[in-house]
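target_16.pdb, holding PDB, C-alpha atoms:
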```pdb
ATOM      1  CA  MET A   1      15.134  -0.775  14.867
ATOM      2  CA  LYS A   2      15.079  -2.763  11.636
ATOM      3  CA  ILE A   3      18.304  -4.604  10.883
ATOM      4  CA  VAL A   4      18.999  -6.300   7.551
ATOM      5  CA  PHE A   5      21.442  -9.189   7.271
ATOM      6  CA  THR A   6      22.908 -10.782   4.148
ATOM      7  CA  ALA A   7      21.432 -14.249   4.379
ATOM      8  CA  THR A   8      21.487 -17.706   2.887
ATOM      9  CA  GLY A   9      18.281 -18.698   4.699
ATOM     10  CA  ASP A  10      15.176 -17.292   6.313
ATOM     11  CA  SER A  11      15.836 -17.775  10.029
ATOM     12  CA  LEU A  12      18.184 -16.308  12.614
ATOM     13  CA  SER A  13      20.139 -19.584  12.606
ATOM     14  CA  ALA A  14      20.902 -19.180   8.877
ATOM     15  CA  PRO A  15      24.496 -18.489   7.795
ATOM     16  CA  LEU A  16      25.469 -14.842   7.327
ATOM     17  CA  ASP A  17      26.483 -14.465   3.682
ATOM     18  CA  PRO A  18      29.783 -12.536   3.430
ATOM     19  CA  ARG A  19      28.690 -10.902   0.143
ATOM     20  CA  PHE A  20      26.276  -8.012  -0.042
ATOM     21  CA  GLY A  21      25.303  -7.517  -3.675
ATOM     22  CA  ARG A  22      25.392 -11.195  -4.567
ATOM     23  CA  ALA A  23      23.872 -12.621  -1.407
ATOM     24  CA  PRO A  24      20.926 -14.883  -2.290
ATOM     25  CA  GLY A  25      18.702 -12.937   0.043
ATOM     26  CA  PHE A  26      18.317 -10.628   2.985
ATOM     27  CA  LEU A  27      16.729 -11.206   6.366
ATOM     28  CA  ILE A  28      15.184  -8.185   8.035
ATOM     29  CA  TYR A  29      14.812  -8.416  11.799
ATOM     30  CA  ASP A  30      12.665  -5.868  13.599
ATOM     31  CA  ASP A  31      14.069  -6.017  17.103
ATOM     32  CA  GLU A  32      11.216  -3.947  18.546
ATOM     33  CA  ASN A  33       8.562  -6.561  17.798
ATOM     34  CA  GLY A  34      10.716  -9.629  17.023
ATOM     35  CA  THR A  35       9.471 -10.146  13.469
ATOM     36  CA  LEU A  36      11.468 -11.522  10.543
ATOM     37  CA  LYS A  37      11.011 -10.750   6.870
ATOM     38  CA  SER A  38      12.874 -12.487   4.062
ATOM     39  CA  VAL A  39      13.734 -10.536   0.895
ATOM     40  CA  ASN A  40      14.853 -12.377  -2.230
ATOM     41  CA  ASN A  41      17.941 -11.065  -4.062
ATOM     42  CA  GLU A  42      18.134 -13.719  -6.797
ATOM     43  CA  GLN A  43      17.925 -11.123  -9.562
ATOM     44  CA  ASN A  44      21.420  -9.923  -8.601
ATOM     45  CA  LEU A  45      23.179 -13.271  -8.129
ATOM     46  CA  ASN A  46      24.375 -13.499 -11.707
ATOM     47  CA  ALA A  47      24.303  -9.843 -12.732
ATOM     48  CA  ALA A  48      27.230  -8.926 -14.980
ATOM     49  CA  GLN A  49      27.583  -5.623 -13.136
ATOM     50  CA  GLY A  50      25.678  -3.372 -10.773
ATOM     51  CA  ALA A  51      24.687  -6.114  -8.314
ATOM     52  CA  GLY A  52      25.727  -4.033  -5.301
ATOM     53  CA  ILE A  53      23.859  -0.910  -6.336
ATOM     54  CA  GLN A  54      20.729  -2.890  -7.242
ATOM     55  CA  ALA A  55      20.840  -4.752  -3.919
ATOM     56  CA  ALA A  56      21.324  -1.439  -2.089
ATOM     57  CA  LEU A  57      18.288   0.043  -3.838
ATOM     58  CA  LEU A  58      16.274  -3.034  -2.877
ATOM     59  CA  ILE A  59      17.326  -2.622   0.756
ATOM     60  CA  CYS A  60      16.579   1.118   0.756
ATOM     61  CA  LYS A  61      12.939   0.325  -0.088
ATOM     62  CA  GLN A  62      12.623  -1.856   3.034
ATOM     63  CA  GLY A  63      12.835   0.956   5.613
ATOM     64  CA  VAL A  64      15.790  -0.524   7.485
ATOM     65  CA  ASP A  65      18.141   1.313   9.814
ATOM     66  CA  CYS A  66      21.293  -0.715   9.312
ATOM     67  CA  LEU A  67      22.922  -3.529   7.365
ATOM     68  CA  ILE A  68      25.129  -6.260   8.782
ATOM     69  CA  THR A  69      27.216  -8.071   6.165
ATOM     70  CA  GLY A  70      30.675  -9.433   5.563
ATOM     71  CA  HIS A  71      31.684  -7.207   2.663
ATOM     72  CA  CYS A  72      30.203  -4.185   0.927
ATOM     73  CA  GLY A  73      31.629  -2.517  -2.179
ATOM     74  CA  PRO A  74      32.091   1.234  -2.696
ATOM     75  CA  LYS A  75      29.044   1.979  -4.858
ATOM     76  CA  ALA A  76      26.672  -0.027  -2.677
ATOM     77  CA  PHE A  77      28.191   1.545   0.450
ATOM     78  CA  GLN A  78      27.690   5.031  -0.979
ATOM     79  CA  THR A  79      24.068   4.249  -1.909
ATOM     80  CA  LEU A  80      23.283   2.849   1.542
ATOM     81  CA  THR A  81      24.912   5.647   3.504
ATOM     82  CA  ALA A  82      23.202   8.261   1.323
ATOM     83  CA  ALA A  83      19.927   6.672   2.485
ATOM     84  CA  ASN A  84      21.085   6.935   6.132
ATOM     85  CA  ILE A  85      21.523   3.173   6.455
ATOM     86  CA  LYS A  86      24.516   2.319   8.619
ATOM     87  CA  VAL A  87      26.718  -0.526   7.426
ATOM     88  CA  TYR A  88      28.405  -2.940   9.820
ATOM     89  CA  HIS A  89      31.038  -5.405   8.603
ATOM     90  CA  CYS A  90      30.927  -8.692  10.444
ATOM     91  CA  LYS A  91      32.675 -12.073  10.256
ATOM     92  CA  ALA A  92      30.054 -14.041  12.212
ATOM     93  CA  GLU A  93      29.080 -17.494  11.009
ATOM     94  CA  THR A  94      25.331 -17.065  11.555
ATOM     95  CA  ILE A  95      22.835 -14.231  11.611
ATOM     96  CA  GLU A  96      22.095 -15.019  15.254
ATOM     97  CA  GLU A  97      25.789 -14.628  16.120
ATOM     98  CA  ALA A  98      26.009 -11.370  14.135
ATOM     99  CA  TYR A  99      22.940 -10.010  15.931
ATOM    100  CA  ALA A 100      24.438 -10.918  19.327
ATOM    101  CA  GLN A 101      27.668  -9.087  18.423
ATOM    102  CA  PHE A 102      25.660  -6.044  17.289
ATOM    103  CA  LYS A 103      23.554  -5.942  20.485
ATOM    104  CA  ALA A 104      26.692  -6.342  22.628
ATOM    105  CA  GLY A 105      28.241  -3.297  20.943
ATOM    106  CA  GLU A 106      31.017  -5.366  19.381
ATOM    107  CA  LEU A 107      30.375  -4.048  15.854
ATOM    108  CA  THR A 108      31.281  -0.538  14.747
ATOM    109  CA  ALA A 109      29.551   1.333  11.945
ATOM    110  CA  ALA A 110      31.800   1.319   8.885
ATOM    111  CA  GLU A 111      33.224   4.544   7.530
ATOM    112  CA  THR A 112      34.155   3.060   4.154
ATOM    113  CA  ALA A 113      33.508   0.065   1.953
ATOM    114  CA  ASN A 114      35.629  -3.006   2.633
ATOM    115  CA  ALA A 115      35.471  -4.638  -0.798
ATOM    116  CA  GLU A 116      36.582  -3.502  -4.216
ATOM    117  CA  ALA A 117      34.139  -2.935  -7.031
ATOM    118  CA  HIS A 118      33.201  -6.188  -8.802
ATOM    119  CA  TRP A 119      34.340  -8.313  -5.840
ATOM    120  CA  MET A 120      32.769 -11.754  -5.651
TER     121      MET A 120
END
```
Could you write out this structure as structure tokens?
Amino acid sequence: MKIVFTATGDSLSAPLDPRFGRAPGFLIYDDENGTLKSVNNEQNLNAAQGAGIQAALLICKQGVDCLITGHCGPKAFQTLTAANIKVYHCKAETIEEAYAQFKAGELTAAETANAEAHWM
């Protein structure tokens, strides 16, 4: 399974960014082979609008199964779920902590977005 996290760094010890569309980057962890891949999201950090949708499209191209983030807006959520990517909302401090919660079954797939459009 490939899991993407909103990240402020490129390791599992990096902080989990609570924002989806405006996170500086994403960390993809393939838990079958233990590999990490960093994906830059700088193009969306200062976007006037559409950051969530553009970030969702970027993630859809990565072949991931699920996203773990703090907050995800309605348009991004719709784009991700249409691509069969499950979204998990999480309040963990680090990616490592978020991954541990996911593996322990402590996170539940979201049924709706948990942020308003244009949330920062």
Return as a tab-separated table (two decimals) with C-alpha atoms, in the coordinates of the input the set of residues that the PyMOL selection byres ((chain A and resi 54) around 10) yields on the displayed structure.
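Once written, expr-v6.tsv looks like this:
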```tsv
chain	number	residue	atom	x	y	z
A	21	GLY	CA	25.30	-7.52	-3.68
A	22	ARG	CA	25.39	-11.20	-4.57
A	41	ASN	CA	17.94	-11.06	-4.06
A	43	GLN	CA	17.92	-11.12	-9.56
A	44	ASN	CA	21.42	-9.92	-8.60
A	47	ALA	CA	24.30	-9.84	-12.73
A	49	GLN	CA	27.58	-5.62	-13.14
A	50	GLY	CA	25.68	-3.37	-10.77
A	51	ALA	CA	24.69	-6.11	-8.31
A	52	GLY	CA	25.73	-4.03	-5.30
A	53	ILE	CA	23.86	-0.91	-6.34
A	55	ALA	CA	20.84	-4.75	-3.92
A	56	ALA	CA	21.32	-1.44	-2.09
A	57	LEU	CA	18.29	0.04	-3.84
A	58	LEU	CA	16.27	-3.03	-2.88
A	59	ILE	CA	17.33	-2.62	0.76
A	60	CYS	CA	16.58	1.12	0.76
A	75	LYS	CA	29.04	1.98	-4.86
A	76	ALA	CA	26.67	-0.03	-2.68
A	79	THR	CA	24.07	4.25	-1.91
```
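Of note, atom CA of A:Ser38 and atom CA of A:Pro24 are spaced 10.5 Å apart.
Relative to atom CA of A:Asn114, atom CA of A:Glu42 is found at 22.6 Å.
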Checklist entry - List as an MDAnalysis selection string: which residues have an atom within 7 Å of (30.6, -1.7, 0.8), counting only C-alpha atoms? => result chainID A and resid 71:77 112:115
Could you write out the selected residues, including C-alpha atoms, as a CSV table (one decimal), keeping the file's coordinate frame?
```
chain,number,residue,atom,x,y,z
A,71,HIS,CA,31.7,-7.2,2.7
A,72,CYS,CA,30.2,-4.2,0.9
A,73,GLY,CA,31.6,-2.5,-2.2
A,74,PRO,CA,32.1,1.2,-2.7
A,75,LYS,CA,29.0,2.0,-4.9
A,76,ALA,CA,26.7,0.0,-2.7
A,77,PHE,CA,28.2,1.5,0.4
A,112,THR,CA,34.2,3.1,4.2
A,113,ALA,CA,33.5,0.1,2.0
A,114,ASN,CA,35.6,-3.0,2.6
A,115,ALA,CA,35.5,-4.6,-0.8
```
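Near A:Cys90, within 9 Å and counting all atoms listed in the file, sit A:Leu16, A:Pro18, A:Ile68, A:Thr69, A:Gly70, A:His71, A:Ala98, A:Gln101, A:Leu107, not including residues fewer than 4 positions from it in the same chain.
Between atom CA of A:Ala14 and atom CA of A:Asn84 lies a distance of 26.3 Å.
With all atoms listed in the file as the basis for measurement, A:Leu80 is the residue among A:Ala92, A:Val4, A:Tyr99, A:Leu80 that approaches A:Glu111 most closely.
Here the residues that fall within 9 Å of (19.0, -17.2, 17.3), using only C-alpha atoms, are given as Ser11, Leu12, Ser13, Ala14, Thr94, Ile95, Glu96, Glu97, Tyr99 and Ala100 of chain A.
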Checklist entry - Which residues match the PyMOL selection byres ((chain A and resi 25) around 7) in the file above, as a PyMOL selection string? => result chain A and resi 6-8+23-24+26-27+39-42
Item to check | Contacts of A:Asn33 within 12 Å, all atoms listed in the file, excl. fewer than 4 positions in-chain, as JSON, numbers by chain | outcome: {"A": [1, 2, 28, 29, 37]}
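The shortest atom-to-atom distance to A:Val87, with all atoms listed in the file taken into account, belongs to A:Ala109 out of A:Asn46, A:Asp10, A:Ala109, A:Gly63.
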Item to check | Residue nearest A:Ile85 - candidates A:Ile3, A:Phe20, A:Asp30, A:Thr35, atoms counted: only C-alpha atoms | outcome: A:Ile3
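Remark: for A:Arg19, the closest of the candidate residues A:Phe5, A:Thr108, A:Lys103, A:Ala82 is A:Phe5 (distances computed over only C-alpha atoms).
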Taking all atoms of stretch 18-28 of chain A that the file lists and extending 6 Å past them on each side, where is the centre of the axis-aligned box and how long are its edges? Answer in Å to one decimal, as JSON.
```
{"center_x": 22.5, "center_y": -11.2, "center_z": 1.7, "size_x": 26.6, "size_y": 19.4, "size_z": 24.6}
```
